[in-house]
file input-v1.csv (CSV, C-alpha atoms)
chain,number,residue,atom,x,y,z
A,1,MET,CA,108.3,142.4,18.6
A,2,ILE,CA,105.7,144.8,17.2
A,3,LYS,CA,106.0,145.8,13.5
A,4,HIS,CA,104.4,149.2,12.7
A,5,ILE,CA,103.9,150.1,9.0
A,6,VAL,CA,102.4,153.4,7.8
A,7,VAL,CA,101.9,154.6,4.2
A,8,TRP,CA,100.9,158.0,3.1
A,9,LYS,CA,99.6,159.4,-0.1
A,10,LEU,CA,100.7,163.0,-0.5
A,11,LEU,CA,99.0,166.0,-2.1
A,12,ASP,CA,100.5,167.0,-5.5
A,13,PHE,CA,101.4,170.4,-4.1
A,14,ALA,CA,101.3,171.6,-0.4
A,15,GLU,CA,103.0,174.3,1.6
A,16,GLY,CA,104.7,175.7,-1.5
A,17,LYS,CA,106.4,172.4,-2.4
A,18,SER,CA,105.9,169.5,-4.8
A,19,LYS,CA,104.9,166.0,-3.8
A,20,LEU,CA,108.5,164.8,-4.2
A,21,GLU,CA,109.9,167.7,-2.1
A,22,ASN,CA,107.4,167.0,0.7
A,23,ALA,CA,108.2,163.2,0.5
A,24,HIS,CA,111.9,164.0,1.1
A,25,ARG,CA,110.9,166.3,4.0
A,26,MET,CA,108.8,163.6,5.5
A,27,ARG,CA,111.5,161.0,5.2
A,28,GLU,CA,114.0,163.3,7.0
A,29,TRP,CA,111.5,164.0,9.8
A,30,LEU,CA,110.8,160.3,10.2
A,31,GLU,CA,114.5,159.4,10.3
A,32,ASP,CA,115.1,162.1,12.9
A,33,LEU,CA,112.6,160.4,15.2
A,34,LYS,CA,115.1,157.6,15.7
A,35,SER,CA,117.4,159.8,17.8
A,36,LYS,CA,114.5,161.4,19.7
A,37,ILE,CA,112.3,158.5,20.8
A,38,ARG,CA,114.0,155.7,22.6
A,39,GLU,CA,111.2,153.2,22.2
A,40,ILE,CA,112.0,152.9,18.5
A,41,HIS,CA,113.9,149.7,18.1
A,42,PHE,CA,114.3,150.0,14.3
A,43,LEU,CA,113.0,152.6,11.8
A,44,GLU,CA,113.2,152.8,8.0
A,45,ALA,CA,111.4,155.4,5.9
A,46,GLY,CA,111.2,155.3,2.1
A,47,ILE,CA,109.9,157.2,-0.9
A,48,ASN,CA,107.9,155.2,-3.5
A,49,ILE,CA,109.4,154.7,-7.0
A,50,ASN,CA,106.3,152.9,-8.3
A,51,PRO,CA,104.3,155.2,-10.7
A,52,ALA,CA,101.0,153.2,-10.4
A,53,ASP,CA,97.9,155.3,-9.6
A,54,ASP,CA,97.1,153.2,-6.6
A,55,SER,CA,100.5,153.4,-5.0
A,56,PHE,CA,101.3,155.5,-1.9
A,57,ASP,CA,104.1,158.0,-1.7
A,58,VAL,CA,105.9,157.5,1.6
A,59,VAL,CA,106.3,154.4,3.8
A,60,LEU,CA,107.4,154.0,7.4
A,61,TYR,CA,108.5,150.6,8.7
A,62,SER,CA,109.4,150.5,12.4
A,63,GLU,CA,109.8,148.0,15.2
A,64,PHE,CA,109.0,148.2,18.9
A,65,GLN,CA,109.7,145.8,21.7
A,66,ASP,CA,106.1,145.4,22.7
A,67,ARG,CA,102.7,147.1,22.5
A,68,ALA,CA,103.5,149.3,25.5
A,69,ALA,CA,106.6,150.7,23.7
A,70,LEU,CA,104.4,151.3,20.6
A,71,ALA,CA,101.9,153.1,22.8
A,72,ARG,CA,104.6,155.3,24.4
A,73,TYR,CA,105.9,156.1,20.9
A,74,GLN,CA,102.4,157.1,19.7
A,75,ASP,CA,102.0,159.5,22.7
A,76,HIS,CA,105.6,160.9,22.5
A,77,PRO,CA,105.7,164.7,22.0
A,78,GLU,CA,108.1,164.3,19.0
A,79,HIS,CA,105.7,161.9,17.3
A,80,ILE,CA,102.8,164.2,17.9
A,81,LYS,CA,104.8,167.1,16.5
A,82,PHE,CA,105.6,165.0,13.3
A,83,LYS,CA,101.9,164.2,12.8
A,84,GLU,CA,101.0,167.9,13.1
A,85,LYS,CA,103.7,168.8,10.5
A,86,ILE,CA,102.4,166.4,7.9
A,87,GLN,CA,98.7,167.0,8.4
A,88,ASN,CA,98.5,169.5,5.5
A,89,LEU,CA,100.8,167.4,3.2
A,90,ARG,CA,98.8,164.2,3.0
A,91,SER,CA,95.6,163.1,1.5
A,92,GLU,CA,95.5,159.6,2.8
A,93,LYS,CA,97.1,157.3,5.4
A,94,LYS,CA,97.0,153.6,6.1
A,95,VAL,CA,98.4,151.8,9.1
A,96,VAL,CA,99.2,148.1,10.0
A,97,ASP,CA,100.5,146.9,13.4
A,98,TYR,CA,101.3,143.3,14.0
A,99,GLU,CA,103.2,141.0,16.3
A,100,ALA,CA,106.1,138.9,15.0

call {"tool": "encode", "arguments": {"input": "input-v1.csv", "output": "structure tokens"}}
result
Amino acid sequence: MIKHIVVWKLLDFAEGKSKLENAHRMREWLEDLKSKIREIHFLEAGININPADDSFDVVLYSEFQDRAALARYQDHPEHIKFKEKIQNLRSEKKVVDYEA
């Protein structure tokens, strides 16, 4: 099993919306991927409640059967569309993938 974790730090204001509004949009878009990409074994998206300056705003935790499934997910048109939609909303992104 491959665990795929991504965190994003969002801009305070982007596309006419606040950071919190955009965080909610991102969570909806991420959760929508579950029904569109069959390689996703499990997906959970959350919005940070920790006010610390060094915290990130949105987190994705997802699971894939193996590295090949993760690669197919990365190349899936719906995943690419998601990445394009959030490009102007985020200031920073960190990723960790590991086998468990």

call {"tool": "atom_distance", "arguments": {"input": "input-v1.csv", "atom1": "atom CA of A:Lys19", "atom2": "atom CA of A:Lys85"}}
result
14.6 Å

call {"tool": "closest_residue", "arguments": {"input": "input-v1.csv", "among": "A:Val59, A:Val6, A:Ile80, A:Ala100", "to": "A:Arg27", "atoms": "only C-alpha atoms"}}
result
A:Val59

call {"tool": "closest_residue", "arguments": {"input": "input-v1.csv", "among": "A:Ser91, A:Trp29, A:Phe56, A:Asp66", "to": "A:Val7", "atoms": "all atoms listed in the file"}}
result
A:Phe56

call {"tool": "closest_residue", "arguments": {"input": "input-v1.csv", "among": "A:Glu78, A:Glu31, A:Asp57, A:Glu63", "to": "A:Ile2", "atoms": "only C-alpha atoms"}}
result
A:Glu63

call {"tool": "closest_residue", "arguments": {"input": "input-v1.csv", "among": "A:Glu15, A:Val95, A:Ala23, A:Gln65", "to": "A:Asn48", "atoms": "all atoms listed in the file"}}
result
A:Ala23

call {"tool": "atom_distance", "arguments": {"input": "input-v1.csv", "atom1": "atom CA of A:Glu21", "atom2": "atom CA of A:Gln74"}}
result
25.4 Å

call {"tool": "residues_around", "arguments": {"input": "input-v1.csv", "residues": "A:Phe64", "least_positions_apart": "6", "cutoff": "9 Å", "atoms": "all atoms listed in the file", "output": "number ranges by chain"}}
result
A: 1-4, 39-42, 70, 73

call {"tool": "write_last_selection", "arguments": {"input": "input-v1.csv", "atoms": "C-alpha atoms", "output": "PDB file, in the frame of the given file"}}
result
ATOM      1  CA  MET A   1     108.300 142.400  18.600  1.00  0.00           C
ATOM      2  CA  ILE A   2     105.700 144.800  17.200  1.00  0.00           C
ATOM      3  CA  LYS A   3     106.000 145.800  13.500  1.00  0.00           C
ATOM      4  CA  HIS A   4     104.400 149.200  12.700  1.00  0.00           C
ATOM      5  CA  GLU A  39     111.200 153.200  22.200  1.00  0.00           C
ATOM      6  CA  ILE A  40     112.000 152.900  18.500  1.00  0.00           C
ATOM      7  CA  HIS A  41     113.900 149.700  18.100  1.00  0.00           C
ATOM      8  CA  PHE A  42     114.300 150.000  14.300  1.00  0.00           C
ATOM      9  CA  LEU A  70     104.400 151.300  20.600  1.00  0.00           C
ATOM     10  CA  TYR A  73     105.900 156.100  20.900  1.00  0.00           C
TER      11      TYR A  73
END

call {"tool": "atom_distance", "arguments": {"input": "input-v1.csv", "atom1": "atom CA of A:Ser62", "atom2": "atom CA of A:Leu89"}}
result
21.1 Å

call {"tool": "residues_around", "arguments": {"input": "input-v1.csv", "residues": "A:Lys83", "least_positions_apart": "4", "cutoff": "12 Å", "atoms": "all atoms listed in the file", "output": "ChimeraX atom specification"}}
result
/A:6,8,26,29-30,33,74-79,87-90,93

call {"tool": "closest_residue", "arguments": {"input": "input-v1.csv", "among": "A:Asp97, A:Lys36, A:Phe13, A:Arg72", "to": "A:Leu60", "atoms": "only C-alpha atoms"}}
result
A:Asp97

call {"tool": "closest_residue", "arguments": {"input": "input-v1.csv", "among": "A:Ala69, A:Val96, A:Ile86, A:Leu10", "to": "A:Ser55", "atoms": "only C-alpha atoms"}}
result
A:Leu10

call {"tool": "build_atoms", "arguments": {"input": "input-v1.csv", "residues": "stretch 77-88 of chain A", "atoms": "N, CA and C atoms", "output": "PDB file, in the frame of the given file"}}
result
ATOM      1  N   PRO A  77     105.808 163.344  22.537  1.00  0.00           N
ATOM      2  CA  PRO A  77     105.700 164.700  22.000  1.00  0.00           C
ATOM      3  C   PRO A  77     106.296 164.871  20.591  1.00  0.00           C
ATOM      4  N   GLU A  78     107.428 164.211  20.323  1.00  0.00           N
ATOM      5  CA  GLU A  78     108.100 164.300  19.000  1.00  0.00           C
ATOM      6  C   GLU A  78     107.239 163.651  17.923  1.00  0.00           C
ATOM      7  N   HIS A  79     106.600 162.537  18.259  1.00  0.00           N
ATOM      8  CA  HIS A  79     105.700 161.900  17.300  1.00  0.00           C
ATOM      9  C   HIS A  79     104.498 162.718  17.015  1.00  0.00           C
ATOM     10  N   ILE A  80     103.943 163.294  18.057  1.00  0.00           N
ATOM     11  CA  ILE A  80     102.800 164.200  17.900  1.00  0.00           C
ATOM     12  C   ILE A  80     103.147 165.385  17.040  1.00  0.00           C
ATOM     13  N   LYS A  81     104.329 165.934  17.265  1.00  0.00           N
ATOM     14  CA  LYS A  81     104.800 167.100  16.500  1.00  0.00           C
ATOM     15  C   LYS A  81     104.934 166.680  14.992  1.00  0.00           C
ATOM     16  N   PHE A  82     105.461 165.481  14.727  1.00  0.00           N
ATOM     17  CA  PHE A  82     105.600 165.000  13.300  1.00  0.00           C
ATOM     18  C   PHE A  82     104.193 164.913  12.702  1.00  0.00           C
ATOM     19  N   LYS A  83     103.222 164.333  13.399  1.00  0.00           N
ATOM     20  CA  LYS A  83     101.900 164.200  12.800  1.00  0.00           C
ATOM     21  C   LYS A  83     101.269 165.556  12.512  1.00  0.00           C
ATOM     22  N   GLU A  84     101.531 166.540  13.339  1.00  0.00           N
ATOM     23  CA  GLU A  84     101.000 167.900  13.100  1.00  0.00           C
ATOM     24  C   GLU A  84     101.696 168.495  11.842  1.00  0.00           C
ATOM     25  N   LYS A  85     103.004 168.259  11.678  1.00  0.00           N
ATOM     26  CA  LYS A  85     103.700 168.800  10.500  1.00  0.00           C
ATOM     27  C   LYS A  85     103.241 168.274   9.206  1.00  0.00           C
ATOM     28  N   ILE A  86     102.817 167.016   9.182  1.00  0.00           N
ATOM     29  CA  ILE A  86     102.400 166.400   7.900  1.00  0.00           C
ATOM     30  C   ILE A  86     100.935 166.503   7.623  1.00  0.00           C
ATOM     31  N   GLN A  87     100.167 167.000   8.552  1.00  0.00           N
ATOM     32  CA  GLN A  87      98.700 167.000   8.400  1.00  0.00           C
ATOM     33  C   GLN A  87      98.263 167.680   7.091  1.00  0.00           C
ATOM     34  N   ASN A  88      98.922 168.747   6.678  1.00  0.00           N
ATOM     35  CA  ASN A  88      98.500 169.500   5.500  1.00  0.00           C
ATOM     36  C   ASN A  88      99.231 168.956   4.205  1.00  0.00           C
TER      37      ASN A  88
END
